[in-house]
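Colleague: Pasting protein_38.txt here (compact mmCIF, C-alpha atoms):
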# COMPACT_ATOMS: atom_id res chain seq x y z
CA MET A 375 246.06 132.18 -88.54
CA GLU A 376 244.94 134.83 -90.96
CA SER A 377 242.25 133.73 -93.35
CA GLN A 378 244.35 132.25 -96.11
CA ASP A 379 243.76 129.55 -98.63
CA ILE A 380 246.55 127.18 -97.56
CA SER A 381 246.83 123.95 -99.50
CA ILE A 382 249.19 120.98 -99.41
CA LYS A 383 249.86 119.51 -102.85
CA PRO A 384 251.80 116.27 -103.40
CA ALA A 385 254.92 116.82 -105.49
CA ALA A 386 254.19 114.74 -108.58
CA THR A 387 256.05 116.34 -111.46
CA ALA A 388 259.53 117.54 -112.36
CA ASP A 389 258.17 121.09 -112.02
CA ASP A 390 257.09 120.29 -108.45
CA LEU A 391 260.60 119.04 -107.62
CA LYS A 392 262.03 122.27 -109.08
CA THR A 393 259.58 124.27 -106.96
CA ALA A 394 260.74 122.39 -103.84
CA GLN A 395 264.36 123.11 -104.76
CA ASP A 396 263.66 126.80 -105.37
CA LEU A 397 261.76 127.18 -102.10
CA ALA A 398 264.50 125.42 -100.13
CA GLU A 399 267.12 127.68 -101.70
CA VAL A 400 265.29 130.82 -100.51
CA ILE A 401 264.17 129.50 -97.12
CA TRP A 402 267.51 128.00 -96.10
CA HIS A 403 269.38 131.21 -96.98
CA GLN A 404 266.83 133.21 -94.96
CA HIS A 405 266.83 130.95 -91.93
CA TYR A 406 270.07 129.03 -91.43
CA PRO A 407 272.89 131.64 -91.49
CA GLY A 408 274.05 131.92 -87.89
CA ILE A 409 272.92 128.34 -87.23
CA ILE A 410 275.20 126.66 -89.77
CA THR A 411 277.80 128.10 -92.15
CA HIS A 412 277.02 129.27 -95.68
CA LYS A 413 279.26 126.46 -96.96
CA GLN A 414 277.25 123.86 -95.05
CA ILE A 415 273.97 125.37 -96.28
CA ARG A 416 275.21 125.07 -99.88
CA TYR A 417 276.41 121.49 -99.31
CA MET A 418 273.15 120.39 -97.70
CA LEU A 419 271.02 122.00 -100.41
CA ASP A 420 273.14 120.42 -103.15
CA THR A 421 273.04 116.96 -101.59
CA GLY A 422 269.54 116.97 -100.11
CA TYR A 423 267.56 118.76 -102.80
CA ALA A 424 269.03 117.43 -106.03
CA ALA A 425 266.16 116.29 -108.28
CA GLU A 426 267.37 112.68 -108.23
CA VAL A 427 267.55 112.72 -104.41
CA LEU A 428 264.01 114.06 -104.10
CA ALA A 429 262.74 111.53 -106.66
CA ASP A 430 264.48 108.72 -104.77
CA ASP A 431 262.89 109.89 -101.51
CA ILE A 432 259.46 109.76 -103.16
CA SER A 433 260.17 106.27 -104.54
CA ARG A 434 260.97 105.15 -100.96
CA GLY A 435 257.58 106.33 -99.67
CA VAL A 436 258.41 109.84 -98.53
CA ARG A 437 255.49 112.17 -99.19
CA LEU A 438 257.01 115.35 -100.58
CA CYS A 439 254.52 118.20 -100.73
CA ILE A 440 254.42 121.81 -101.87
CA VAL A 441 252.58 124.14 -99.51
CA CYS A 442 250.70 126.98 -101.22
CA SER A 443 248.91 130.13 -100.15
CA GLY A 444 246.36 130.46 -102.90
CA LYS A 445 248.42 129.58 -105.96
CA GLN A 446 251.72 130.86 -104.51
CA PRO A 447 254.17 128.15 -103.35
CA ILE A 448 255.29 129.10 -99.84
CA GLY A 449 256.75 125.96 -98.31
CA VAL A 450 257.94 122.38 -98.47
CA LEU A 451 256.73 119.46 -96.38
CA ALA A 452 258.06 115.89 -96.46
CA PHE A 453 257.31 112.93 -94.21
CA GLY A 454 257.24 109.18 -94.46
CA PRO A 455 257.30 105.83 -92.72
CA ILE A 456 260.37 104.39 -91.07
CA GLY A 457 260.91 100.64 -91.05
CA LYS A 458 257.67 98.68 -91.14
CA GLY A 459 255.56 101.82 -91.06
CA CYS A 460 254.78 102.10 -87.33
CA GLU A 461 256.89 105.25 -87.09
CA THR A 462 256.91 108.35 -89.24
CA LYS A 463 259.80 110.74 -89.75
CA LEU A 464 259.20 114.38 -90.53
CA HIS A 465 261.96 115.06 -93.08
CA LYS A 466 261.18 118.64 -94.11
CA LEU A 467 258.96 121.45 -92.89
CA TYR A 468 259.97 124.80 -94.32
CA VAL A 469 257.85 127.91 -94.85
CA LEU A 470 258.93 131.23 -96.37
CA GLN A 471 259.88 133.67 -93.64
CA SER A 472 257.23 136.18 -94.75
CA PHE A 473 254.59 133.58 -93.79
CA HIS A 474 255.97 132.84 -90.31
CA GLY A 475 253.78 133.62 -87.30
CA GLN A 476 250.53 132.84 -89.09
CA GLY A 477 249.96 129.32 -87.76
CA ILE A 478 250.96 127.62 -91.01
CA GLY A 479 253.71 125.53 -89.40
CA SER A 480 251.26 124.34 -86.73
CA MET A 481 248.72 123.49 -89.42
CA LEU A 482 251.35 121.49 -91.32
CA LEU A 483 252.39 119.59 -88.19
CA GLN A 484 248.74 118.78 -87.52
CA HIS A 485 248.36 117.56 -91.12
CA VAL A 486 251.33 115.21 -90.68
CA GLU A 487 249.94 113.95 -87.38
CA ASP A 488 246.50 113.36 -88.94
CA GLU A 489 248.05 111.47 -91.87
CA CYS A 490 250.11 109.38 -89.44
CA ARG A 491 247.05 108.45 -87.43
CA ARG A 492 245.21 107.44 -90.63
CA ALA A 493 248.16 105.20 -91.48
CA GLU A 494 248.05 103.79 -87.92
CA CYS A 495 251.51 105.09 -87.10
CA THR A 496 252.28 105.14 -83.41
CA ASP A 497 255.13 107.63 -83.33
CA ILE A 498 256.43 110.67 -85.16
CA HIS A 499 259.95 111.99 -84.89
CA LEU A 500 262.30 114.49 -86.50
CA LEU A 501 265.79 115.90 -86.30
CA VAL A 502 266.28 119.60 -85.55
CA ASN A 503 269.52 121.53 -85.20
CA LYS A 504 270.22 122.22 -81.52
CA HIS A 505 270.64 125.94 -82.30
CA ASN A 506 267.39 126.24 -84.27
CA LEU A 507 265.54 127.59 -81.24
CA LYS A 508 262.55 128.94 -83.18
CA ALA A 509 261.83 125.50 -84.65
CA ILE A 510 262.43 123.70 -81.36
CA ARG A 511 259.89 125.95 -79.60
CA ALA A 512 257.35 125.40 -82.39
CA TYR A 513 257.77 121.63 -82.17
CA GLU A 514 257.44 121.76 -78.38
CA ARG A 515 254.18 123.75 -78.74
CA ALA A 516 252.94 120.91 -80.99
CA GLY A 517 253.65 118.37 -78.25
CA LEU A 518 256.98 116.97 -79.45
CA LYS A 519 259.64 116.38 -76.81
CA ILE A 520 263.41 116.21 -77.04
CA ARG A 521 264.33 112.54 -76.80
CA LYS A 522 268.10 112.65 -77.30
CA SER A 523 270.89 114.51 -79.02
CA CYS A 524 273.04 113.24 -81.84
CA ILE A 525 275.95 114.36 -83.97
CA THR A 526 276.01 112.91 -87.48
CA ALA A 527 278.73 113.22 -90.10
CA ILE A 528 277.10 114.16 -93.40
CA GLY A 529 280.17 114.32 -95.63
CA ASN A 530 282.63 116.93 -96.84
CA GLY A 531 283.75 117.50 -93.23
CA PHE A 532 280.29 118.67 -92.12
CA PHE A 533 278.24 117.44 -89.16
CA MET A 534 274.65 117.80 -88.07
CA ASP A 535 274.38 118.61 -84.35
CA ASP A 536 270.75 117.76 -83.70
CA PHE A 537 268.09 116.93 -81.20
CA VAL A 538 265.82 114.00 -81.97
CA MET A 539 262.32 115.16 -81.09
CA GLY A 540 259.28 112.95 -81.06
CA LYS A 541 255.72 112.38 -80.05
CA SER A 542 253.82 109.19 -79.33
CA LEU A 543 250.57 109.21 -81.24
CA ALA A 544 249.16 106.22 -79.42
CA ALA A 545 249.28 108.06 -76.08
CA THR A 546 247.41 111.10 -77.40
CA GLY A 547 244.88 109.39 -79.61
Translate the structure described by the file into structure tokens.

Modeller:
Amino acid sequence: MESQDISIKPAATADDLKTAQDLAEVIWHQHYPGIITHKQIRYMLDTGYAAEVLADDISRGVRLCIVCSGKQPIGVLAFGPIGKGCETKLHKLYVLQSFHGQGIGSMLLQHVEDECRRAECTDIHLLVNKHNLKAIRAYERAGLKIRKSCITAIGNGFFMDDFVMGKSLAATG
């Protein structure tokens, strides 16, 4: 990675939630056309990034973070425990396209893994669209494996066609 001042700041204010929304709006429109339709992108942004949805996620223990290069917000990261806390789900990991290829995604995945180990989590998993090959390869480089595939109705006639990827932390720690 180039020498950059990358920081991960917990989203704690209404301004932080707005920053997460703004970043998602740009990143999703850069990355997802060709993977999902523009209508599905709009639907998923509207339902997944509404301020009340993000605030509810935080109230349920999801750690929503803004990723910055210096003072510039460049990405969104969210992860949190599932069930009794032995497993962690990576909910969001998005970085502006202009910052791809600099090792930032790998650094963020390592941060999540380190936080999981501190919390004594034994497993991390995520959902990734089956056609999001760039993300799948990045997750594989970080040691996550495809565990299964799933199709989930998300409303308004839309579906998520995903792989569940995961990594056992107990086996590598």

Colleague: A:Ile409, A:Ala425, A:Leu397, A:Leu419: which is nearest Leu467 of chain A, counting all atoms listed in the file?

Modeller: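 That would be A:Leu397, the residue with the smallest distance to Leu467 of chain A.
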
Colleague: May I have the residues within 7 Å of segment 517-528 of chain A as a list of chain:residue names, using only C-alpha atoms and disregarding those fewer than 5 positions away in the same chain?

Modeller: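 The filter keeps A:Phe533, A:Met534, A:Asp535, A:Asp536, A:Phe537, A:Val538, A:Met539, A:Gly540, A:Lys541.
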
Colleague: Could you please determine the separation between atom CA of Arg492 of chain A and atom CA of Arg437 of chain A in Å, to one decimal place?

Modeller: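 Straight-line distance from atom CA of Arg492 of chain A to atom CA of Arg437 of chain A works out to 14.2 Å.
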
Colleague: Quick one: distance from atom CA of Ile448 of chain A to atom CA of Thr421 of chain A in Å, one decimal?

Modeller: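 Separating atom CA of Ile448 of chain A from atom CA of Thr421 of chain A is a distance of 21.6 Å.
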
Colleague: If I take atom CA of Trp402 of chain A and atom CA of Met418 of chain A, how far is one from the other in Å, to one decimal?

Modeller: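 Atom-to-atom, atom CA of Trp402 of chain A and atom CA of Met418 of chain A are spaced 9.6 Å apart.
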
Colleague: Set the distance at 10 Å and use only C-alpha atoms: which residues neighbour Ala516 of chain A once local chain neighbours fewer than 6 positions away are removed? I'd like the list as a VMD selection string.

Modeller: chain A and resid 479 to 481 483 to 484 487 510 541

Colleague: So, with all atoms listed in the file as the atoms that count, which of A:Pro455, A:Gly449, A:Pro384, A:Gly435 lies closest to Cys495 of chain A?

Modeller: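 Of A:Pro455, A:Gly449, A:Pro384, A:Gly435, the one nearest Cys495 of chain A is A:Pro455, counting all atoms listed in the file.
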
Colleague: Find, counting only C-alpha atoms, the residue in A:Ile478, A:Leu507, A:Cys460, A:Glu489 that gets nearest to Ser542 of chain A.

Modeller: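 Of A:Ile478, A:Leu507, A:Cys460, A:Glu489, the one nearest Ser542 of chain A, counting only C-alpha atoms, is A:Cys460.
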
Colleague: Which residue, A:Glu461, A:Glu494, A:Asp396, A:Asp379, has the smallest gap to Ala424 of chain A when you use only C-alpha atoms?

Modeller: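 Of the candidates, the smallest distance to Ala424 of chain A is held by A:Asp396.
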
Colleague: Between A:Ile401, A:Leu438, A:Leu500, A:Ile410, which one has atoms that come closest to Ala386 of chain A, using only C-alpha atoms?

Modeller: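 Of A:Ile401, A:Leu438, A:Leu500, A:Ile410, the one nearest Ala386 of chain A, counting only C-alpha atoms, is A:Leu438.
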
Colleague: Just checking: using only C-alpha atoms, which residue out of A:Val427, A:Ile456, A:Ala388, A:Leu543 ends up closest to Asp497 of chain A?

Modeller: A:Leu543

Colleague: Which residues, protein or nucleic acid, reach to within 12 Å of (252.4, 133.8, -94.7) in the file's coordinates when using only C-alpha atoms, and can you give that as a PDB file with C-alpha atoms, keeping the file's coordinate frame?

Modeller:
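Final output, part-v3.pdb:
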ATOM      1  CA  MET A 375     246.060 132.180 -88.540  1.00  0.00           C
ATOM      2  CA  GLU A 376     244.940 134.830 -90.960  1.00  0.00           C
ATOM      3  CA  SER A 377     242.250 133.730 -93.350  1.00  0.00           C
ATOM      4  CA  GLN A 378     244.350 132.250 -96.110  1.00  0.00           C
ATOM      5  CA  ASP A 379     243.760 129.550 -98.630  1.00  0.00           C
ATOM      6  CA  ILE A 380     246.550 127.180 -97.560  1.00  0.00           C
ATOM      7  CA  VAL A 441     252.580 124.140 -99.510  1.00  0.00           C
ATOM      8  CA  CYS A 442     250.700 126.980-101.220  1.00  0.00           C
ATOM      9  CA  SER A 443     248.910 130.130-100.150  1.00  0.00           C
ATOM     10  CA  GLY A 444     246.360 130.460-102.900  1.00  0.00           C
ATOM     11  CA  GLN A 446     251.720 130.860-104.510  1.00  0.00           C
ATOM     12  CA  PRO A 447     254.170 128.150-103.350  1.00  0.00           C
ATOM     13  CA  ILE A 448     255.290 129.100 -99.840  1.00  0.00           C
ATOM     14  CA  GLY A 449     256.750 125.960 -98.310  1.00  0.00           C
ATOM     15  CA  TYR A 468     259.970 124.800 -94.320  1.00  0.00           C
ATOM     16  CA  VAL A 469     257.850 127.910 -94.850  1.00  0.00           C
ATOM     17  CA  LEU A 470     258.930 131.230 -96.370  1.00  0.00           C
ATOM     18  CA  GLN A 471     259.880 133.670 -93.640  1.00  0.00           C
ATOM     19  CA  SER A 472     257.230 136.180 -94.750  1.00  0.00           C
ATOM     20  CA  PHE A 473     254.590 133.580 -93.790  1.00  0.00           C
ATOM     21  CA  HIS A 474     255.970 132.840 -90.310  1.00  0.00           C
ATOM     22  CA  GLY A 475     253.780 133.620 -87.300  1.00  0.00           C
ATOM     23  CA  GLN A 476     250.530 132.840 -89.090  1.00  0.00           C
ATOM     24  CA  GLY A 477     249.960 129.320 -87.760  1.00  0.00           C
ATOM     25  CA  ILE A 478     250.960 127.620 -91.010  1.00  0.00           C
ATOM     26  CA  GLY A 479     253.710 125.530 -89.400  1.00  0.00           C
TER      27      GLY A 479
END
